[in-house]
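Q: File name coords36.cif; file contents mmCIF, C-alpha atoms; full text below.
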data_protein
#
loop_
_atom_site.group_PDB
_atom_site.id
_atom_site.type_symbol
_atom_site.label_atom_id
_atom_site.label_comp_id
_atom_site.auth_asym_id
_atom_site.auth_seq_id
_atom_site.Cartn_x
_atom_site.Cartn_y
_atom_site.Cartn_z
ATOM 1 C CA MET A 1 -62.491 -30.706 37.925
ATOM 2 C CA ASN A 2 -60.814 -33.161 40.257
ATOM 3 C CA ASN A 3 -57.517 -34.985 39.769
ATOM 4 C CA SER A 4 -59.139 -38.320 38.943
ATOM 5 C CA THR A 5 -60.891 -36.645 35.998
ATOM 6 C CA THR A 6 -57.857 -34.813 34.661
ATOM 7 C CA GLU A 7 -55.703 -37.916 34.883
ATOM 8 C CA ARG A 8 -57.908 -39.906 32.502
ATOM 9 C CA ASN A 9 -56.102 -41.379 29.517
ATOM 10 C CA ILE A 10 -57.548 -39.027 26.885
ATOM 11 C CA ARG A 11 -57.203 -40.615 23.445
ATOM 12 C CA LEU A 12 -59.702 -38.500 21.456
ATOM 13 C CA LEU A 13 -60.437 -34.752 21.642
ATOM 14 C CA LEU A 14 -63.683 -33.433 20.158
ATOM 15 C CA PHE A 15 -64.347 -29.794 19.359
ATOM 16 C CA ASP A 16 -67.611 -28.100 18.510
ATOM 17 C CA LEU A 17 -67.025 -25.229 16.062
ATOM 18 C CA ASP A 18 -69.370 -22.228 16.442
ATOM 19 C CA GLY A 19 -69.193 -20.713 19.901
ATOM 20 C CA THR A 20 -66.403 -23.092 20.897
ATOM 21 C CA LEU A 21 -63.324 -23.503 18.697
ATOM 22 C CA LEU A 22 -64.383 -20.609 16.428
ATOM 23 C CA ASP A 23 -64.229 -17.102 17.854
ATOM 24 C CA SER A 24 -66.924 -14.503 17.171
ATOM 25 C CA ARG A 25 -65.249 -13.663 13.835
ATOM 26 C CA LYS A 26 -65.363 -17.355 12.818
ATOM 27 C CA HIS A 27 -61.596 -17.728 13.156
ATOM 28 C CA ILE A 28 -59.485 -20.301 15.012
ATOM 29 C CA SER A 29 -56.657 -18.752 17.027
ATOM 30 C CA GLU A 30 -53.067 -19.734 16.309
ATOM 31 C CA ARG A 31 -52.541 -20.770 19.945
ATOM 32 C CA ASN A 32 -55.538 -23.086 19.853
ATOM 33 C CA LEU A 33 -54.346 -24.621 16.574
ATOM 34 C CA ALA A 34 -50.840 -25.092 17.951
ATOM 35 C CA ALA A 35 -52.153 -26.813 21.072
ATOM 36 C CA ILE A 36 -54.321 -29.137 18.989
ATOM 37 C CA ALA A 37 -51.307 -29.960 16.817
ATOM 38 C CA GLY A 38 -49.313 -30.718 19.956
ATOM 39 C CA CYS A 39 -51.985 -33.168 21.118
ATOM 40 C CA ARG A 40 -51.974 -34.880 17.718
ATOM 41 C CA ALA A 41 -48.181 -35.214 17.954
ATOM 42 C CA LYS A 42 -48.711 -37.110 21.215
ATOM 43 C CA GLY A 43 -50.885 -39.624 19.385
ATOM 44 C CA ILE A 44 -54.255 -38.224 20.458
ATOM 45 C CA MET A 45 -56.987 -38.361 17.810
ATOM 46 C CA ILE A 46 -58.619 -35.057 16.871
ATOM 47 C CA GLY A 47 -62.290 -34.693 16.028
ATOM 48 C CA ILE A 48 -64.764 -31.999 14.993
ATOM 49 C CA ALA A 49 -68.356 -32.378 16.210
ATOM 50 C CA THR A 50 -70.544 -29.670 14.712
ATOM 51 C CA ALA A 51 -74.115 -28.818 13.765
ATOM 52 C CA ARG A 52 -72.733 -27.529 10.464
ATOM 53 C CA SER A 53 -72.939 -29.544 7.270
ATOM 54 C CA GLU A 54 -69.802 -30.977 5.710
ATOM 55 C CA SER A 55 -69.850 -28.247 3.059
ATOM 56 C CA THR A 56 -70.023 -25.350 5.540
ATOM 57 C CA CYS A 57 -67.324 -26.715 7.839
ATOM 58 C CA ALA A 58 -64.978 -27.781 5.029
ATOM 59 C CA ARG A 59 -62.721 -24.724 5.293
ATOM 60 C CA PHE A 60 -62.159 -25.366 9.001
ATOM 61 C CA ALA A 61 -61.626 -29.083 8.491
ATOM 62 C CA GLU A 62 -58.964 -28.188 5.924
ATOM 63 C CA VAL A 63 -57.047 -26.306 8.596
ATOM 64 C CA ILE A 64 -57.552 -28.770 11.451
ATOM 65 C CA GLN A 65 -57.278 -31.979 9.391
ATOM 66 C CA PRO A 66 -59.371 -33.976 11.874
ATOM 67 C CA ASP A 67 -59.250 -37.754 12.116
ATOM 68 C CA LEU A 68 -62.957 -37.657 12.888
ATOM 69 C CA LEU A 69 -65.695 -35.410 11.477
ATOM 70 C CA ILE A 70 -69.163 -35.469 13.050
ATOM 71 C CA SER A 71 -71.372 -33.105 11.050
ATOM 72 C CA ASN A 72 -75.048 -32.154 10.880
ATOM 73 C CA SER A 73 -75.405 -32.548 14.677
ATOM 74 C CA GLY A 74 -74.447 -36.208 14.504
ATOM 75 C CA THR A 75 -76.325 -37.391 11.422
ATOM 76 C CA LEU A 76 -73.129 -38.016 9.423
ATOM 77 C CA VAL A 77 -69.854 -39.375 10.824
ATOM 78 C CA ARG A 78 -66.597 -39.827 8.961
ATOM 79 C CA LEU A 79 -63.536 -41.537 10.400
ATOM 80 C CA ASN A 80 -60.394 -40.889 8.351
ATOM 81 C CA GLY A 81 -62.638 -39.903 5.447
ATOM 82 C CA ARG A 82 -64.772 -43.069 5.558
ATOM 83 C CA ILE A 83 -68.460 -42.876 6.502
ATOM 84 C CA ILE A 84 -69.103 -45.021 9.583
ATOM 85 C CA TYR A 85 -72.599 -43.760 10.377
ATOM 86 C CA GLN A 86 -75.362 -41.775 8.693
ATOM 87 C CA CYS A 87 -79.045 -41.191 9.370
ATOM 88 C CA GLY A 88 -81.227 -38.695 7.534
ATOM 89 C CA PHE A 89 -84.509 -37.892 5.828
ATOM 90 C CA THR A 90 -85.695 -39.430 2.567
ATOM 91 C CA ASP A 91 -86.521 -37.103 -0.331
ATOM 92 C CA SER A 92 -90.248 -37.272 0.477
ATOM 93 C CA GLU A 93 -89.655 -36.596 4.172
ATOM 94 C CA THR A 94 -87.426 -33.675 3.261
ATOM 95 C CA ALA A 95 -90.139 -32.272 0.974
ATOM 96 C CA ALA A 96 -92.758 -32.521 3.741
ATOM 97 C CA ILE A 97 -90.669 -30.523 6.220
ATOM 98 C CA ILE A 98 -89.679 -27.941 3.604
ATOM 99 C CA GLY A 99 -93.354 -27.557 2.679
ATOM 100 C CA ALA A 100 -94.227 -26.621 6.269
ATOM 101 C CA GLY A 101 -91.689 -23.829 6.202
ATOM 102 C CA LEU A 102 -92.687 -22.584 2.762
ATOM 103 C CA SER A 103 -96.348 -22.443 3.740
ATOM 104 C CA GLU A 104 -95.479 -19.737 6.274
ATOM 105 C CA ASN A 105 -92.773 -18.024 4.210
ATOM 106 C CA ARG A 106 -90.032 -18.943 6.658
ATOM 107 C CA GLY A 107 -86.294 -19.094 6.144
ATOM 108 C CA ILE A 108 -85.136 -22.650 5.435
ATOM 109 C CA THR A 109 -81.778 -24.402 5.185
ATOM 110 C CA VAL A 110 -81.348 -28.014 4.070
ATOM 111 C CA ASP A 111 -78.136 -29.969 4.603
ATOM 112 C CA CYS A 112 -77.495 -32.567 1.910
ATOM 113 C CA ALA A 113 -74.461 -34.792 1.498
ATOM 114 C CA ASP A 114 -72.525 -32.356 -0.680
ATOM 115 C CA VAL A 115 -74.077 -28.928 -0.184
ATOM 116 C CA THR A 116 -76.313 -26.841 2.073
ATOM 117 C CA TYR A 117 -79.289 -25.140 0.422
ATOM 118 C CA ALA A 118 -81.017 -21.975 1.668
ATOM 119 C CA ASN A 119 -83.997 -20.003 0.379
ATOM 120 C CA ARG A 120 -82.722 -16.594 1.438
ATOM 121 C CA TYR A 121 -79.653 -14.725 2.602
ATOM 122 C CA ILE A 122 -79.092 -15.350 6.301
ATOM 123 C CA SER A 123 -76.572 -12.970 7.832
ATOM 124 C CA PHE A 124 -75.337 -15.270 10.609
ATOM 125 C CA PHE A 125 -75.050 -18.174 8.159
ATOM 126 C CA ASN A 126 -73.181 -16.494 5.331
ATOM 127 C CA GLU A 127 -70.724 -19.279 4.587
ATOM 128 C CA PRO A 128 -69.042 -20.866 1.568
ATOM 129 C CA GLY A 129 -70.761 -24.100 0.599
ATOM 130 C CA ILE A 130 -74.305 -22.696 0.474
ATOM 131 C CA GLU A 131 -76.463 -22.694 -2.644
ATOM 132 C CA PHE A 132 -79.639 -20.615 -2.860
ATOM 133 C CA THR A 133 -82.951 -21.987 -4.087
ATOM 134 C CA ASP A 134 -86.630 -21.217 -3.591
ATOM 135 C CA PHE A 135 -87.294 -24.956 -2.973
ATOM 136 C CA SER A 136 -90.183 -24.833 -5.460
ATOM 137 C CA VAL A 137 -88.675 -27.848 -7.233
ATOM 138 C CA PHE A 138 -86.584 -29.868 -4.807
ATOM 139 C CA SER A 139 -86.211 -33.626 -4.600
ATOM 140 C CA ARG A 140 -83.245 -34.677 -2.503
ATOM 141 C CA SER A 141 -82.672 -36.612 0.682
ATOM 142 C CA SER A 142 -81.113 -34.661 3.538
ATOM 143 C CA PHE A 143 -79.397 -34.998 6.889
ATOM 144 C CA LYS A 144 -80.715 -31.936 8.707
ATOM 145 C CA ILE A 145 -83.259 -29.179 8.053
ATOM 146 C CA CYS A 146 -83.440 -25.832 9.861
ATOM 147 C CA ILE A 147 -86.466 -23.536 9.757
ATOM 148 C CA GLU A 148 -86.777 -19.994 11.065
ATOM 149 C CA GLY A 149 -89.046 -19.466 14.070
ATOM 150 C CA THR A 150 -89.557 -19.407 17.811
ATOM 151 C CA ASP A 151 -93.068 -20.837 18.160
ATOM 152 C CA VAL A 152 -92.953 -24.315 19.653
ATOM 153 C CA GLU A 153 -96.353 -25.221 18.207
ATOM 154 C CA PHE A 154 -94.969 -24.881 14.669
ATOM 155 C CA ALA A 155 -91.965 -27.042 15.530
ATOM 156 C CA GLU A 156 -94.149 -29.761 17.039
ATOM 157 C CA LYS A 157 -96.588 -29.795 14.113
ATOM 158 C CA THR A 158 -93.751 -29.891 11.589
ATOM 159 C CA SER A 159 -91.915 -32.751 13.297
ATOM 160 C CA ALA A 160 -95.184 -34.705 13.422
ATOM 161 C CA LEU A 161 -95.284 -34.695 9.597
ATOM 162 C CA VAL A 162 -92.440 -37.215 9.473
ATOM 163 C CA GLU A 163 -92.039 -40.475 11.359
ATOM 164 C CA ASN A 164 -89.253 -40.479 13.968
ATOM 165 C CA CYS A 165 -88.506 -36.769 13.594
ATOM 166 C CA SER A 166 -87.346 -34.548 16.447
ATOM 167 C CA TRP A 167 -86.700 -30.831 16.776
ATOM 168 C CA LEU A 168 -84.456 -28.599 18.854
ATOM 169 C CA ALA A 169 -84.250 -24.808 19.202
ATOM 170 C CA PHE A 170 -80.903 -23.048 18.824
ATOM 171 C CA SER A 171 -79.819 -20.820 21.713
ATOM 172 C CA ASP A 172 -78.131 -18.125 19.619
ATOM 173 C CA CYS A 173 -80.722 -17.583 16.874
ATOM 174 C CA ASP A 174 -84.467 -17.900 16.281
ATOM 175 C CA TRP A 175 -84.372 -21.166 14.360
ATOM 176 C CA PHE A 176 -85.371 -24.799 14.852
ATOM 177 C CA LYS A 177 -83.339 -27.854 13.829
ATOM 178 C CA PHE A 178 -85.149 -30.953 12.551
ATOM 179 C CA SER A 179 -83.465 -34.349 12.359
ATOM 180 C CA LYS A 180 -84.266 -38.015 12.856
ATOM 181 C CA SER A 181 -85.086 -38.959 16.442
ATOM 182 C CA GLY A 182 -82.179 -40.339 18.442
ATOM 183 C CA VAL A 183 -79.599 -38.619 16.273
ATOM 184 C CA SER A 184 -77.128 -36.566 18.305
ATOM 185 C CA LYS A 185 -73.443 -35.907 18.771
ATOM 186 C CA GLY A 186 -73.525 -38.225 21.771
ATOM 187 C CA ASN A 187 -75.083 -41.048 19.760
ATOM 188 C CA ALA A 188 -72.465 -40.506 17.058
ATOM 189 C CA LEU A 189 -69.727 -41.061 19.633
ATOM 190 C CA ARG A 190 -71.108 -44.507 20.443
ATOM 191 C CA HIS A 191 -70.480 -45.456 16.815
ATOM 192 C CA VAL A 192 -67.040 -43.847 16.977
ATOM 193 C CA ALA A 193 -66.192 -45.880 20.085
ATOM 194 C CA SER A 194 -67.254 -49.068 18.318
ATOM 195 C CA SER A 195 -65.195 -48.259 15.196
ATOM 196 C CA THR A 196 -62.042 -47.027 16.936
ATOM 197 C CA GLY A 197 -61.975 -49.146 20.072
ATOM 198 C CA ILE A 198 -61.634 -45.959 22.128
ATOM 199 C CA PRO A 199 -64.051 -46.025 25.082
ATOM 200 C CA VAL A 200 -66.092 -42.846 25.544
ATOM 201 C CA GLU A 201 -64.470 -42.587 28.984
ATOM 202 C CA ASN A 202 -61.200 -41.818 27.183
ATOM 203 C CA MET A 203 -62.694 -38.986 25.135
ATOM 204 C CA ALA A 204 -62.850 -35.278 26.013
ATOM 205 C CA SER A 205 -65.237 -32.836 24.340
ATOM 206 C CA PHE A 206 -65.726 -29.061 24.197
ATOM 207 C CA GLY A 207 -69.073 -27.359 23.527
ATOM 208 C CA ASP A 208 -71.415 -24.453 24.191
ATOM 209 C CA ASP A 209 -74.960 -25.143 22.940
ATOM 210 C CA PHE A 210 -77.886 -27.463 23.605
ATOM 211 C CA VAL A 211 -76.794 -29.905 20.879
ATOM 212 C CA ASP A 212 -73.551 -30.453 22.826
ATOM 213 C CA ILE A 213 -75.147 -31.607 26.079
ATOM 214 C CA GLU A 214 -75.254 -35.334 25.363
ATOM 215 C CA MET A 215 -71.706 -35.217 23.997
ATOM 216 C CA LEU A 216 -70.439 -33.580 27.193
ATOM 217 C CA ASP A 217 -72.362 -36.122 29.267
ATOM 218 C CA ILE A 218 -71.107 -39.206 27.470
ATOM 219 C CA CYS A 219 -67.414 -38.259 27.284
ATOM 220 C CA GLY A 220 -65.040 -38.977 30.145
ATOM 221 C CA VAL A 221 -64.341 -35.236 30.323
ATOM 222 C CA GLY A 222 -66.852 -32.617 29.172
ATOM 223 C CA ILE A 223 -65.742 -28.976 28.954
ATOM 224 C CA ALA A 224 -68.118 -26.032 28.455
ATOM 225 C CA MET A 225 -67.093 -22.587 27.275
ATOM 226 C CA ALA A 226 -67.786 -19.537 29.459
ATOM 227 C CA ASN A 227 -70.162 -18.298 26.738
ATOM 228 C CA ALA A 228 -72.132 -21.572 26.817
ATOM 229 C CA VAL A 229 -75.790 -21.537 27.761
ATOM 230 C CA ASP A 230 -76.344 -22.211 31.458
ATOM 231 C CA GLU A 231 -77.920 -25.614 30.893
ATOM 232 C CA VAL A 232 -74.811 -26.788 29.030
ATOM 233 C CA LYS A 233 -72.560 -25.668 31.882
ATOM 234 C CA LYS A 234 -74.564 -27.834 34.281
ATOM 235 C CA HIS A 235 -73.563 -30.913 32.273
ATOM 236 C CA ALA A 236 -69.850 -30.072 32.077
ATOM 237 C CA ASP A 237 -67.033 -31.292 34.303
ATOM 238 C CA MET A 238 -65.363 -27.925 33.859
ATOM 239 C CA VAL A 239 -66.130 -24.449 32.495
ATOM 240 C CA ILE A 240 -63.226 -22.628 30.849
ATOM 241 C CA GLY A 241 -62.873 -19.192 29.210
ATOM 242 C CA ASP A 242 -64.994 -17.964 26.332
ATOM 243 C CA ASN A 243 -64.518 -18.660 22.635
ATOM 244 C CA ASP A 244 -62.875 -15.270 22.040
ATOM 245 C CA SER A 245 -59.976 -16.271 24.289
ATOM 246 C CA ASP A 246 -57.360 -19.002 23.980
ATOM 247 C CA ALA A 247 -59.087 -20.987 26.720
ATOM 248 C CA ILE A 248 -58.918 -24.238 24.763
ATOM 249 C CA ALA A 249 -55.162 -23.877 24.328
ATOM 250 C CA ASP A 250 -54.793 -23.081 28.033
ATOM 251 C CA PHE A 251 -56.753 -26.237 28.942
ATOM 252 C CA LEU A 252 -54.827 -28.483 26.557
ATOM 253 C CA ASN A 253 -51.447 -27.111 27.598
ATOM 254 C CA TYR A 254 -52.228 -27.581 31.297
ATOM 255 C CA TYR A 255 -54.052 -30.908 31.314
ATOM 256 C CA ILE A 256 -52.910 -32.755 28.184
ATOM 257 C CA LEU A 257 -49.517 -31.502 26.985
#
Using structure tokens, write down the structure from this file.
A:
Amino acid sequence: MNNSTTERNIRLLLFDLDGTLLDSRKHISERNLAAIAGCRAKGIMIGIATARSESTCARFAEVIQPDLLISNSGTLVRLNGRIIYQCGFTDSETAAIIGAGLSENRGITVDCADVTYANRYISFFNEPGIEFTDFSVFSRSSFKICIEGTDVEFAEKTSALVENCSWLAFSDCDWFKFSKSGVSKGNALRHVASSTGIPVENMASFGDDFVDIEMLDICGVGIAMANAVDEVKKHADMVIGDNDSDAIADFLNYYIL
């Protein structure tokens, strides 16, 4: 990272959770929290930008107290608690995607406004805020749907069931994410810029997975974790230590505080 990049007037910091701000035990280190608090004390806005639903990231938001919460990979955006952007599936669209997963007995999670639903226990997704259901009777709109699998043909056929639907594979598990086309963390930041008056050039973001790429691209400074997938690192201005270190605190203390 060159001096011209580090000297940008950073007014908003955005942190992905899993694989970034959260360590492998799903904890946030005290040093990282202290550094974030120090940035807030300097008048810098703090944001979370996560693929998680609001319900499954609530316990972390309670600790961080972000000014901005981008959840469900960018389908729902809250600024100081107020919704400034949302884009999701209708109840019938949700039912169509769920039906594709049920027809092949796949694991399914559905992110709604207040809760995440799942049809089975998922070890890597064992979080508060999840309710279990077999989806046999389900009629709710949703923001994001995830279905177990690795076969691209299934993902393409499922997304074709709903108008303006896109899919993305996760790098750390054998699941697909389905959401409305054009929805992303990067797109969410365009709405944040409009609402706050903070240009994206004055934002810095941290991430590790495919869903973070556009966010890293659009921000004035994009930082990838050492544990990030290689493609994400290619889009970053800088690669720091992994999520099991205090690399975020080290970056903030050196470049911001």
Q: For each of A:Leu14, A:Cys146, A:Ile36, A:Ile44, take the minimum atom-to-atom distance to Gly207 of chain A, counting only C-alpha atoms, then give the residue where this is smallest.
A: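 Between A:Leu14, A:Cys146, A:Ile36, A:Ile44, the residue approaching Gly207 of chain A most closely is A:Leu14.
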Q: By how many Å are atom CA of Ala169 of chain A and atom CA of Asp209 of chain A apart?
A: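 Going from atom CA of Ala169 of chain A over to atom CA of Asp209 of chain A covers 10.0 Å.
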Q: Could you give me, as a ChimeraX atom specification, the residues within 6 Å of segment 71-82 of chain A, counting all atoms listed in the file and dropping anything in the same chain fewer than 4 positions from it?
A: /A:50-54,67,86-87,143,183-185,188
Q: On this file, the PyMOL selection byres ((chain A and resi 99-112) around 8) gives some set of residues; write that set as a CSV table (one decimal) with C-alpha atoms, in the frame of the given file.
A:
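Listed below is the output, part_37.csv:
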chain,number,residue,atom,x,y,z
A,53,SER,CA,-72.9,-29.5,7.3
A,72,ASN,CA,-75.0,-32.2,10.9
A,95,ALA,CA,-90.1,-32.3,1.0
A,96,ALA,CA,-92.8,-32.5,3.7
A,97,ILE,CA,-90.7,-30.5,6.2
A,98,ILE,CA,-89.7,-27.9,3.6
A,113,ALA,CA,-74.5,-34.8,1.5
A,114,ASP,CA,-72.5,-32.4,-0.7
A,115,VAL,CA,-74.1,-28.9,-0.2
A,116,THR,CA,-76.3,-26.8,2.1
A,117,TYR,CA,-79.3,-25.1,0.4
A,118,ALA,CA,-81.0,-22.0,1.7
A,119,ASN,CA,-84.0,-20.0,0.4
A,120,ARG,CA,-82.7,-16.6,1.4
A,140,ARG,CA,-83.2,-34.7,-2.5
A,141,SER,CA,-82.7,-36.6,0.7
A,142,SER,CA,-81.1,-34.7,3.5
A,143,PHE,CA,-79.4,-35.0,6.9
A,144,LYS,CA,-80.7,-31.9,8.7
A,145,ILE,CA,-83.3,-29.2,8.1
A,146,CYS,CA,-83.4,-25.8,9.9
A,147,ILE,CA,-86.5,-23.5,9.8
A,148,GLU,CA,-86.8,-20.0,11.1
A,149,GLY,CA,-89.0,-19.5,14.1
A,158,THR,CA,-93.8,-29.9,11.6
Q: Which residue, A:Thr56, A:Leu68, A:Glu231, A:Asp208, has the smallest gap to Ser195 of chain A when you use all atoms listed in the file?
A: A:Leu68
Q: Figure out the distance between atom CA of Leu22 of chain A and atom CA of Arg40 of chain A, please, to one decimal in Å.
A: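 These atoms are spaced 19.0 Å apart.
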Q: If I take atom CA of Phe154 of chain A and atom CA of Ser179 of chain A, how far is one from the other in Å, to one decimal?
A: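 Atom CA of Phe154 of chain A sits 15.1 Å away from atom CA of Ser179 of chain A.
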Q: (-64.8, -30.8, 27.8) in this file's frame - what residues fall within 9 Å of it? Use all atoms listed in the file and give the answer as a list in words.
A: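 Applying the cut-off with all atoms listed in the file, one gets Leu13, Leu14, Phe15, Met203, Ala204, Ser205, Phe206, Gly207, Leu216, Cys219, Gly220, Val221, Gly222, Ile223, Ala224, Met225, Ala236, Asp237, Met238, Val239 and Ile240 of chain A.
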